[in-house]
2 protein chains.
Amino acid sequence: MNILTTNIWDNLPILAAATETESADSALVLAGVLLSLVAIYFTSKLGGEICYRFNLPPVLGELLGGVAVGVSALKILVFPEGGADAGDSLLMQFLTATSALTPEGAQSVFMAQSEVISVLSELGVIILLFEIGLESDLKELIRVGPQAAVVAVVGVVMPFALGTGGLVYLFHLPVIPAVFAGAALTATSIGITAKVLSEIDRLNSTEGQIIIGAAVLDDVLGIIVLAVVASLVKTGEIEIGNVIYLIISAGVFLIGAILLGRFLTPFFIGLVNSLKTRGQLLLTSLIFAYILSYIAQVIQLEAILGAFAAGLVLAETEKREELEKQILPVADIFVPIFFVCVGAKTDVSVLNPAIPSNREGLILATFLIAVAIIGKVVTGWSVFGQPDINRLAIGIGMIPRGEVGLVFLGVGSASGALSKPTEAAIVMMVITTTFLAPPLLRVVFKPSEAAQAVEGVTEAIETSPKP
Amino acid sequence: MNILTTNIWDNLPILAAATETESADSALVLAGVLLSLVAIYFTSKLGGEICYRFNLPPVLGELLGGVAVGVSALKILVFPEGGADAGDSLLMQFLTATSALTPEGAQSVFMAQSEVISVLSELGVIILLFEIGLESDLKELIRVGPQAAVVAVVGVVMPFALGTGGLVYLFHLPVIPAVFAGAALTATSIGITAKVLSEIDRLNSTEGQIIIGAAVLDDVLGIIVLAVVASLVKTGEIEIGNVIYLIISAGVFLIGAILLGRFLTPFFIGLVNSLKTRGQLLLTSLIFAYILSYIAQVIQLEAILGAFAAGLVLAETEKREELEKQILPVADIFVPIFFVCVGAKTDVSVLNPAIPSNREGLILATFLIAVAIIGKVVTGWSVFGQPDINRLAIGIGMIPRGEVGLVFLGVGSASGALSKPTEAAIVMMVITTTFLAPPLLRVVFKPSEAAQAVEGVTEAIETSPKP
């Protein structure tokens with residue numbers, strides 16, 4: 001079917017027959033994409049709401065929902081990368097049963113639909129990082145100052161060094177997956193951390209300020225680490241020259257984009273203000289974000305780095321608030337596609353302890369979780385000049401991974417560098433750290449403080465920035 | 001390359017080699033999609049803004065911009081349906097020059113990228129019709145009453161009968177394309193009409209009320225006509241039984257969806273209010289819209305009919321305003337993809353009068369434009385019980401085609417039923433009617449009225465509903 005279509009296109013593209021074949025296919029591809037989006041949105045809302053009821057970050061629910069509908073369990077949403085074909089997909093079976101799709105035509109529709117959903121999921125992570133960049137604040141970053149920087153650097157170096165070193169020397173993993181897993185341990189989830197802190201009314205405490213500042217810096221460091229690691233995986237080896245080239249190109253790209261962006265900002269604002277038609281701000285901003293994403297992709301970095309840089313630059317303009325408001329619904333419909341797909345593509349069945357061959361993954365996961373917690377908890381003791389500070393609270397506040405950790409997983413997954421036990425272990429690490437942080441934070445902030453916090457909750461809900 | 005990939009997928013899907021091939025491709029497909037979106041957004045803004053400066057509807061600029069970057073002129077954005085391959089696409093040449101893409105790999109990336117952009121464009125028209133449904137108002141429709149209904153029906157029947165009959169009997173076209181072209185003449189553009197009326201401050205006049213009411217009804221009738229015609233094209237023949245089945249199924253689907261939707265509305269509102277996580281309203285609404293779109297698609301109607309019905313149902317709820325606000329940025333990023341792609345896929349070079357073989361298209365276009373104007377202008381004289389009404393103004397107000405006319409073109413184009421001269425003639429008809437209406441409306445509303453109108457402009461800008 002696919003081959004036939006290809007040949008017709010190659011040789012007789014203008015024939016009406018070809019047009020009709022393609023048209024039949026594309027109507028069914030659209031039907032498949034609509035069904036996939038319904039499944040993804042339903043899953044993300046169900047998972048998100050359940051997690052919300054248990055006081056856990058909704059993003060965790062989207063991931064777990066993805067695991068539930070994906071290759072590990074219900075097999076509603078499966079992808080060819082995992083070795084699935086149309087026959088393995090419940091969604092394609094439903095499409096075949098309800099539409100004019102024939103079993104023979106199912107494979108080409110499945111491939112096309114998977115391609116579209118994968119690209120939508122990649123656009124989802126690009127828009128997520130654009131939004132994170134937009135919510136970040138370079139000036140805020142500079143203001144919270146040296147303590148946050150030390151916490152961020154220690155919180156990136158420690159888990160990365162302990163994780164990578166441990167995996168290579170204790171577990172004898174190859175260097176590439178070890179570096180990837182180590183890198184996935186680095187970045188604190190700014191969204192999850194800010195949300196948890198605001199829930200317990202500690203966002204504006206000194207500890208909260210340092211945590212948020214460090215988490216913002218962590219995001220930047222994490223993305224540079226991701227770009228470096230992803231590029232290393234692409235070239236297949238570690239060359240010091242290459243590492244230096246990548247650090248420099250990541251740094252030059254990020255700093256260059258920001259400086260050039262700030263230089264161009266007045267023209268951008270002037271342009272947007274002179275435009276009169278609908279969507280002038282949003283489309284102009286997305287053009288900027290997509291161009292930087294394209295450049296980042298082309299110079300061997302990742303598209304998300306460009307989107308993040310675009311977000312940081314636009315966050316400096318007077319249009320930030322308006323743009324944040326407009327990007328919100330766009331992110332709402334794109335970002336869940338990413339998280340649900342990451343979950344759906346992850347085969348967590350390798351973590352079943354009943355199967356002996358799975359024990360490697362479980363042991364890996366236990367090790368990664370221990371390093372993830374220890375590597376961040378120690379950062380509290382790196383804070384200087386603040387003798388009365390709650391060091392444990394800062395360390396615990398840095399624990400939750402999330403978006404960026406999952407971005408690492410997604411990129412690693414797509415590159416094929418990670419073995420299934422390592423992938424599953426990373427998912428388990430992200431899930432566990434995200435699960436653990438909220439209850440632990442409640443414990444480490446002293447009861448008296450917690451009592452005060454409860455009194456302040458009503459006010460805080462009204463006045464605190466949104467998570 | 002494409003065939004090789006297909007074979008690997010079919011036979012050895014789990015091989016790492018396959019994963020790596022797919023992964024390399026998918027990064028380049030993403031890069032291609034990013035570039036395409038940059039080109040589409042840039043084109044839509046440039047075209048829209050230029051038209052805005054000349055007091056023309058921005059949507060016209062998006063269409064003309066699409067023509068400029070598409071197969072007719074710059075060939076930046078071309079599609080395989082038009083017979084193009086990767087070598088014809090300036091965008092793919094740019095991608096090959098700037099990225100790791102090889103000329104050998106270009107064709108498969110081109111096909112995948114075109115598939116993704118086509119699906120995004122189809123999602124664009126689905127979201128547009130959802131938005132139009134959301135902006136429509138069943139109660140308002142009933143209130144403006146019998147006059148609007150008569151104008152709407154006359155304004156659908158006259159151009160359809162004159163257009164189809166003329167094409168078959170005068171031009172000896174086959175029945176299918178004649179019916180399609182006739183159908184494309186039916187629907188007044190509610191967006192363009194409302195915008196023009198608000199610009200000259202006649203939105204709240206009796207004439208304006210009737211025009212808007214009729215245009216809303218026109219949308220519904222036009223969509224039913226579209227569904228009927230598109231299904232006729234699919235089955236390839238006109239059977240009275242089939243026509244009746246389709247009219248009934250379109251009617252039953254639309255009325256059933258609305259009645260069932262209204263019955264389910266309290267549960268929907270209750271559900272949305274009980275959800276606590278981001279995007280609860282938007283995603284729940286899109287799930288509803290996509291399910292109806294899927295059902296409409298599967299029962300041989302068009303996906304857009306389902307999206308429109310979902311919009312109409314949700315317009316009846318208390319969430320309408322909030323949802324309209326949230327769908328706005330989503331429509332801003334999706335809808336231009338549709339209009340630019342329609343323009344890009346249209347080969348207007350067939351309208352070049354210097355080439356003798358093109359004269360058929362030009363004569364067709366002249367005929368369609370005449371019917372499009374006459375068929376709507378006569379509707380003014382169908383208004384009863386309003387002796388002092390400006391009948392010419394009502395007729396002129398119904399002239400602009402637009403979104404729905406282009407939807408017909410898009411669907412007809414995709415189905416392969418339309419010859420290139422007919423397609424180009426429809427585009428020229430849509431362009432001409434949309435061009436003509438704003439200046440004509442200024443002329444037919446009497447100078448004294450226009451003077452009064454000018455005085456009222458400031459208030460009107462603040463109080464009139466948005467176009």
# chains A, B, ... in the order shown; residues from 1 in each chain; ligands from 1
$ residues_around --residues "segment 113-120 of chain B" --least-positions-apart "4" --cutoff "7 Å" --atoms "only C-alpha atoms" --output "VMD selection string"
(chain A and resid 30 116) or (chain B and resid 29 32 to 33 79 109 124 334 337)
$ interface_residues --of "chain A" --to "chain B" --cutoff "7 Å" --atoms "only C-alpha atoms" --output "JSON list (two decimals) with C-alpha atoms, in the first residue's frame"
[["chain", "number", "residue", "atom", "x", "y", "z"],
["A", 3, "ILE", "CA", 5.05, 1.25, -1.59],
["A", 13, "PRO", "CA", 1.83, 12.26, -9.59],
["A", 14, "ILE", "CA", -0.90, 14.12, -11.49],
["A", 16, "ALA", "CA", -6.55, 11.37, -10.60],
["A", 19, "THR", "CA", -5.02, 11.87, -5.85],
["A", 20, "GLU", "CA", -7.92, 9.69, -4.78],
["A", 23, "SER", "CA", -7.17, 11.54, -0.32],
["A", 30, "LEU", "CA", -6.91, 12.70, 10.11],
["A", 31, "ALA", "CA", -9.44, 10.36, 11.76],
["A", 34, "LEU", "CA", -8.34, 12.94, 16.02],
["A", 38, "VAL", "CA", -8.96, 12.36, 22.17],
["A", 41, "TYR", "CA", -6.32, 14.57, 26.20],
["A", 48, "GLY", "CA", -3.68, 14.89, 36.10],
["A", 49, "GLU", "CA", -6.89, 15.14, 38.09],
["A", 58, "PRO", "CA", -0.63, 16.88, 37.60],
["A", 81, "GLU", "CA", 9.86, 3.04, 17.43],
["A", 82, "GLY", "CA", 8.92, 0.52, 20.11],
["A", 83, "GLY", "CA", 8.57, -2.18, 17.46],
["A", 98, "THR", "CA", -15.56, 2.00, 12.79],
["A", 99, "SER", "CA", -14.30, 3.48, 9.52],
["A", 116, "VAL", "CA", 2.10, 13.28, 13.02],
["A", 119, "VAL", "CA", 5.90, 15.74, 15.61],
["A", 275, "LEU", "CA", 0.66, 44.96, 13.39],
["A", 276, "LYS", "CA", -3.12, 45.16, 13.38],
["A", 277, "THR", "CA", -4.36, 41.65, 12.64],
["A", 278, "ARG", "CA", -5.29, 38.83, 14.98],
["A", 279, "GLY", "CA", -2.50, 36.87, 16.63],
["A", 283, "LEU", "CA", 2.64, 34.45, 15.76],
["A", 287, "ILE", "CA", 8.23, 32.78, 14.36],
["A", 290, "TYR", "CA", 10.79, 28.45, 15.75],
["A", 291, "ILE", "CA", 13.68, 30.17, 13.95],
["A", 294, "TYR", "CA", 15.63, 25.54, 13.87],
["A", 298, "VAL", "CA", 20.88, 22.67, 12.80],
["A", 326, "GLN", "CA", -1.69, 33.76, 25.10],
["A", 329, "PRO", "CA", -3.96, 27.69, 25.99],
["A", 330, "VAL", "CA", -1.44, 26.77, 23.29],
["A", 332, "ASP", "CA", -2.40, 23.39, 27.34],
["A", 333, "ILE", "CA", -3.17, 21.63, 24.06],
["A", 414, "ALA", "CA", 14.52, 9.04, 20.58],
["A", 415, "SER", "CA", 18.28, 8.74, 20.09],
["A", 416, "GLY", "CA", 18.19, 5.03, 20.90]]
$ residues_around --residues "Gly47 of chain B" --least-positions-apart "6" --cutoff "6 Å" --atoms "only C-alpha atoms" --output "list of chain:residue names"
B:Gly61, B:Glu62, B:Gly65
$ closest_residue --among "B:Ile426, B:Ile363, B:Leu441, B:Leu134" --to "Leu170 of chain B" --atoms "only C-alpha atoms"
B:Ile363
$ residues_around --residues "Leu162 of chain B" --least-positions-apart "4" --cutoff "7 Å" --atoms "only C-alpha atoms" --output "VMD selection string"
chain B and resid 158 166 371
$ residues_around --residues "Phe253 of chain B" --least-positions-apart "2" --cutoff "9 Å" --atoms "only C-alpha atoms" --output "list in words"
Ile248, Ser249, Ala250, Gly251, Ile255, Gly256, Ala257, Ile258, Ala296, Leu305, Gly306 and Ala309 of chain B
$ write_last_selection --atoms "N, CA and C atoms" --output "short mmCIF file (atom, residue, chain, number, x, y, z; two decimals), in the first residue's frame"
data_model
loop_
_atom_site.label_atom_id
_atom_site.label_comp_id
_atom_site.auth_asym_id
_atom_site.auth_seq_id
_atom_site.Cartn_x
_atom_site.Cartn_y
_atom_site.Cartn_z
N ILE B 248 -30.66 13.70 5.42
CA ILE B 248 -31.20 13.23 6.70
C ILE B 248 -30.07 13.02 7.70
N SER B 249 -28.99 12.35 7.26
CA SER B 249 -27.92 12.07 8.23
C SER B 249 -27.25 13.37 8.66
N ALA B 250 -27.09 14.34 7.74
CA ALA B 250 -26.53 15.63 8.14
C ALA B 250 -27.46 16.31 9.13
N GLY B 251 -28.78 16.32 8.79
CA GLY B 251 -29.76 16.93 9.69
C GLY B 251 -29.81 16.23 11.03
N ILE B 255 -28.76 18.05 14.35
CA ILE B 255 -29.80 18.25 15.36
C ILE B 255 -29.57 17.30 16.54
N GLY B 256 -29.22 16.05 16.23
CA GLY B 256 -28.95 15.08 17.29
C GLY B 256 -27.81 15.51 18.17
N ALA B 257 -26.72 15.97 17.55
CA ALA B 257 -25.55 16.41 18.31
C ALA B 257 -25.93 17.60 19.20
N ILE B 258 -26.76 18.50 18.65
CA ILE B 258 -27.14 19.69 19.41
C ILE B 258 -28.08 19.32 20.57
N ALA B 296 -18.58 12.48 12.71
CA ALA B 296 -19.02 13.06 11.45
C ALA B 296 -18.20 12.51 10.29
N LEU B 305 -18.10 19.42 10.17
CA LEU B 305 -19.50 19.51 10.61
C LEU B 305 -19.60 19.17 12.09
N GLY B 306 -18.83 18.15 12.52
CA GLY B 306 -18.81 17.79 13.93
C GLY B 306 -18.24 18.90 14.79
N ALA B 309 -20.84 21.64 15.06
CA ALA B 309 -21.90 21.25 16.00
C ALA B 309 -21.41 21.38 17.43
#
$ atom_distance --atom1 "atom CA of Asn55 of chain A" --atom2 "atom CA of Phe445 of chain A"
17.2 Å
$ residues_around --residues "segment 316-318 of chain A" --least-positions-apart "6" --cutoff "12 Å" --atoms "only C-alpha atoms" --output "PyMOL selection string"
chain A and resi 133-140+258-259+261-270+272-273+281+285+309-310+324
$ write_last_selection --atoms "C-alpha atoms" --output "short mmCIF file (atom, residue, chain, number, x, y, z; two decimals), in the first residue's frame"
data_model
loop_
_atom_site.label_atom_id
_atom_site.label_comp_id
_atom_site.auth_asym_id
_atom_site.auth_seq_id
_atom_site.Cartn_x
_atom_site.Cartn_y
_atom_site.Cartn_z
CA GLY A 133 11.89 30.42 29.30
CA LEU A 134 9.11 32.97 29.32
CA GLU A 135 8.42 32.32 33.00
CA SER A 136 12.11 32.49 33.88
CA ASP A 137 13.62 35.83 34.72
CA LEU A 138 17.24 36.68 34.06
CA LYS A 139 17.13 39.63 36.47
CA GLU A 140 15.52 37.55 39.21
CA ILE A 258 19.91 36.51 24.37
CA LEU A 259 22.21 39.45 23.53
CA GLY A 261 17.50 39.12 21.07
CA ARG A 262 17.78 41.98 23.55
CA PHE A 263 19.29 44.15 20.84
CA LEU A 264 16.40 43.28 18.53
CA THR A 265 13.76 43.60 21.24
CA PRO A 266 12.84 47.26 20.53
CA PHE A 267 12.31 46.41 16.86
CA PHE A 268 10.25 43.38 17.87
CA ILE A 269 8.03 45.47 20.16
CA GLY A 270 7.71 48.15 17.49
CA VAL A 272 4.20 43.85 17.09
CA ASN A 273 2.68 47.21 18.02
CA LEU A 281 2.06 38.94 19.21
CA SER A 285 6.85 35.31 18.94
CA ALA A 309 16.36 31.13 24.61
CA ALA A 310 13.47 32.73 22.70
CA GLU A 324 2.31 34.33 28.82
#
$ select_by_dssp --residues "segment 311-448 of chain A" --states "helix (DSSP H, G or I)" --output "ChimeraX atom specification"
/A:311-315,320-345,348-351,356-382,391-397,403-415,420-444,447-448
$ decode --residues "segment 31-69 of chain B" --atoms "N, CA and C atoms" --output "mmCIF file, in the first residue's frame"
data_model
loop_
_atom_site.group_PDB
_atom_site.id
_atom_site.type_symbol
_atom_site.label_atom_id
_atom_site.label_comp_id
_atom_site.auth_asym_id
_atom_site.auth_seq_id
_atom_site.Cartn_x
_atom_site.Cartn_y
_atom_site.Cartn_z
ATOM 1 N N ALA B 31 12.670 19.577 11.844
ATOM 2 C CA ALA B 31 13.281 20.792 11.300
ATOM 3 C C ALA B 31 12.477 21.309 10.109
ATOM 4 N N GLY B 32 12.037 20.393 9.238
ATOM 5 C CA GLY B 32 11.234 20.781 8.078
ATOM 6 C C GLY B 32 9.905 21.388 8.493
ATOM 7 N N VAL B 33 9.271 20.796 9.508
ATOM 8 C CA VAL B 33 7.996 21.319 9.993
ATOM 9 C C VAL B 33 8.197 22.707 10.601
ATOM 10 N N LEU B 34 9.281 22.874 11.378
ATOM 11 C CA LEU B 34 9.557 24.189 11.975
ATOM 12 C C LEU B 34 9.729 25.249 10.883
ATOM 13 N N LEU B 35 10.523 24.917 9.855
ATOM 14 C CA LEU B 35 10.729 25.849 8.740
ATOM 15 C C LEU B 35 9.409 26.159 8.039
ATOM 16 N N SER B 36 8.598 25.114 7.805
ATOM 17 C CA SER B 36 7.310 25.318 7.130
ATOM 18 C C SER B 36 6.434 26.255 7.945
ATOM 19 N N LEU B 37 6.411 26.039 9.269
ATOM 20 C CA LEU B 37 5.560 26.883 10.112
ATOM 21 C C LEU B 37 6.052 28.324 10.106
ATOM 22 N N VAL B 38 7.383 28.507 10.118
ATOM 23 C CA VAL B 38 7.918 29.868 10.034
ATOM 24 C C VAL B 38 7.461 30.523 8.732
ATOM 25 N N ALA B 39 7.592 29.769 7.607
ATOM 26 C CA ALA B 39 7.170 30.310 6.310
ATOM 27 C C ALA B 39 5.677 30.628 6.311
ATOM 28 N N ILE B 40 4.870 29.725 6.871
ATOM 29 C CA ILE B 40 3.412 29.910 6.881
ATOM 30 C C ILE B 40 3.021 31.114 7.741
ATOM 31 N N TYR B 41 3.596 31.196 8.943
ATOM 32 C CA TYR B 41 3.235 32.301 9.834
ATOM 33 C C TYR B 41 3.692 33.641 9.264
ATOM 34 N N PHE B 42 4.900 33.670 8.726
ATOM 35 C CA PHE B 42 5.419 34.909 8.145
ATOM 36 C C PHE B 42 4.514 35.364 6.991
ATOM 37 N N THR B 43 4.196 34.400 6.108
ATOM 38 C CA THR B 43 3.325 34.701 4.964
ATOM 39 C C THR B 43 1.964 35.202 5.403
ATOM 40 N N SER B 44 1.382 34.515 6.407
ATOM 41 C CA SER B 44 0.025 34.880 6.824
ATOM 42 C C SER B 44 0.013 36.268 7.443
ATOM 43 N N LYS B 45 1.052 36.598 8.208
ATOM 44 C CA LYS B 45 1.086 37.932 8.811
ATOM 45 C C LYS B 45 1.327 39.001 7.755
ATOM 46 N N LEU B 46 2.289 38.736 6.850
ATOM 47 C CA LEU B 46 2.594 39.723 5.810
ATOM 48 C C LEU B 46 1.373 39.973 4.945
ATOM 49 N N GLY B 47 0.755 38.899 4.451
ATOM 50 C CA GLY B 47 -0.437 39.043 3.608
ATOM 51 C C GLY B 47 -1.582 39.692 4.360
ATOM 52 N N GLY B 48 -1.805 39.229 5.599
ATOM 53 C CA GLY B 48 -2.902 39.770 6.399
ATOM 54 C C GLY B 48 -2.741 41.254 6.664
ATOM 55 N N GLU B 49 -1.507 41.656 6.982
ATOM 56 C CA GLU B 49 -1.263 43.065 7.303
ATOM 57 C C GLU B 49 -1.409 43.955 6.065
ATOM 58 N N ILE B 50 -0.907 43.461 4.935
ATOM 59 C CA ILE B 50 -1.036 44.253 3.703
ATOM 60 C C ILE B 50 -2.510 44.456 3.379
ATOM 61 N N CYS B 51 -3.308 43.368 3.453
ATOM 62 C CA CYS B 51 -4.743 43.500 3.183
ATOM 63 C C CYS B 51 -5.399 44.440 4.186
ATOM 64 N N TYR B 52 -4.971 44.340 5.446
ATOM 65 C CA TYR B 52 -5.560 45.210 6.462
ATOM 66 C C TYR B 52 -5.331 46.683 6.109
ATOM 67 N N ARG B 53 -4.104 46.985 5.641
ATOM 68 C CA ARG B 53 -3.786 48.387 5.277
ATOM 69 C C ARG B 53 -4.682 48.880 4.152
ATOM 70 N N PHE B 54 -5.076 47.955 3.265
ATOM 71 C CA PHE B 54 -5.957 48.338 2.169
ATOM 72 C C PHE B 54 -7.426 48.108 2.525
ATOM 73 N N ASN B 55 -7.675 47.953 3.843
ATOM 74 C CA ASN B 55 -9.048 47.832 4.324
ATOM 75 C C ASN B 55 -9.743 46.578 3.791
ATOM 76 N N LEU B 56 -8.958 45.545 3.566
ATOM 77 C CA LEU B 56 -9.511 44.282 3.089
ATOM 78 C C LEU B 56 -9.384 43.248 4.208
ATOM 79 N N PRO B 57 -10.207 42.207 4.160
ATOM 80 C CA PRO B 57 -10.139 41.200 5.224
ATOM 81 C C PRO B 57 -8.771 40.516 5.259
ATOM 82 N N PRO B 58 -8.163 40.418 6.437
ATOM 83 C CA PRO B 58 -6.845 39.769 6.552
ATOM 84 C C PRO B 58 -6.820 38.353 5.994
ATOM 85 N N VAL B 59 -7.956 37.647 6.104
ATOM 86 C CA VAL B 59 -7.968 36.264 5.626
ATOM 87 C C VAL B 59 -7.664 36.198 4.126
ATOM 88 N N LEU B 60 -8.064 37.244 3.408
ATOM 89 C CA LEU B 60 -7.753 37.323 1.990
ATOM 90 C C LEU B 60 -6.239 37.387 1.781
ATOM 91 N N GLY B 61 -5.565 38.124 2.653
ATOM 92 C CA GLY B 61 -4.114 38.234 2.576
ATOM 93 C C GLY B 61 -3.419 36.916 2.854
ATOM 94 N N GLU B 62 -3.997 36.138 3.772
ATOM 95 C CA GLU B 62 -3.401 34.833 4.066
ATOM 96 C C GLU B 62 -3.488 33.932 2.842
ATOM 97 N N LEU B 63 -4.639 33.997 2.190
ATOM 98 C CA LEU B 63 -4.840 33.200 0.980
ATOM 99 C C LEU B 63 -3.887 33.647 -0.132
ATOM 100 N N LEU B 64 -3.829 34.962 -0.357
ATOM 101 C CA LEU B 64 -2.948 35.485 -1.410
ATOM 102 C C LEU B 64 -1.481 35.225 -1.065
ATOM 103 N N GLY B 65 -1.143 35.341 0.217
ATOM 104 C CA GLY B 65 0.219 35.017 0.661
ATOM 105 C C GLY B 65 0.547 33.569 0.344
ATOM 106 N N GLY B 66 -0.432 32.694 0.590
ATOM 107 C CA GLY B 66 -0.251 31.282 0.257
ATOM 108 C C GLY B 66 -0.001 31.080 -1.220
ATOM 109 N N VAL B 67 -0.767 31.810 -2.035
ATOM 110 C CA VAL B 67 -0.558 31.734 -3.490
ATOM 111 C C VAL B 67 0.875 32.165 -3.825
ATOM 112 N N ALA B 68 1.343 33.223 -3.138
ATOM 113 C CA ALA B 68 2.686 33.754 -3.435
ATOM 114 C C ALA B 68 3.790 32.765 -3.080
ATOM 115 N N VAL B 69 3.697 32.075 -1.927
ATOM 116 C CA VAL B 69 4.765 31.142 -1.538
ATOM 117 C C VAL B 69 4.562 29.753 -2.120
#
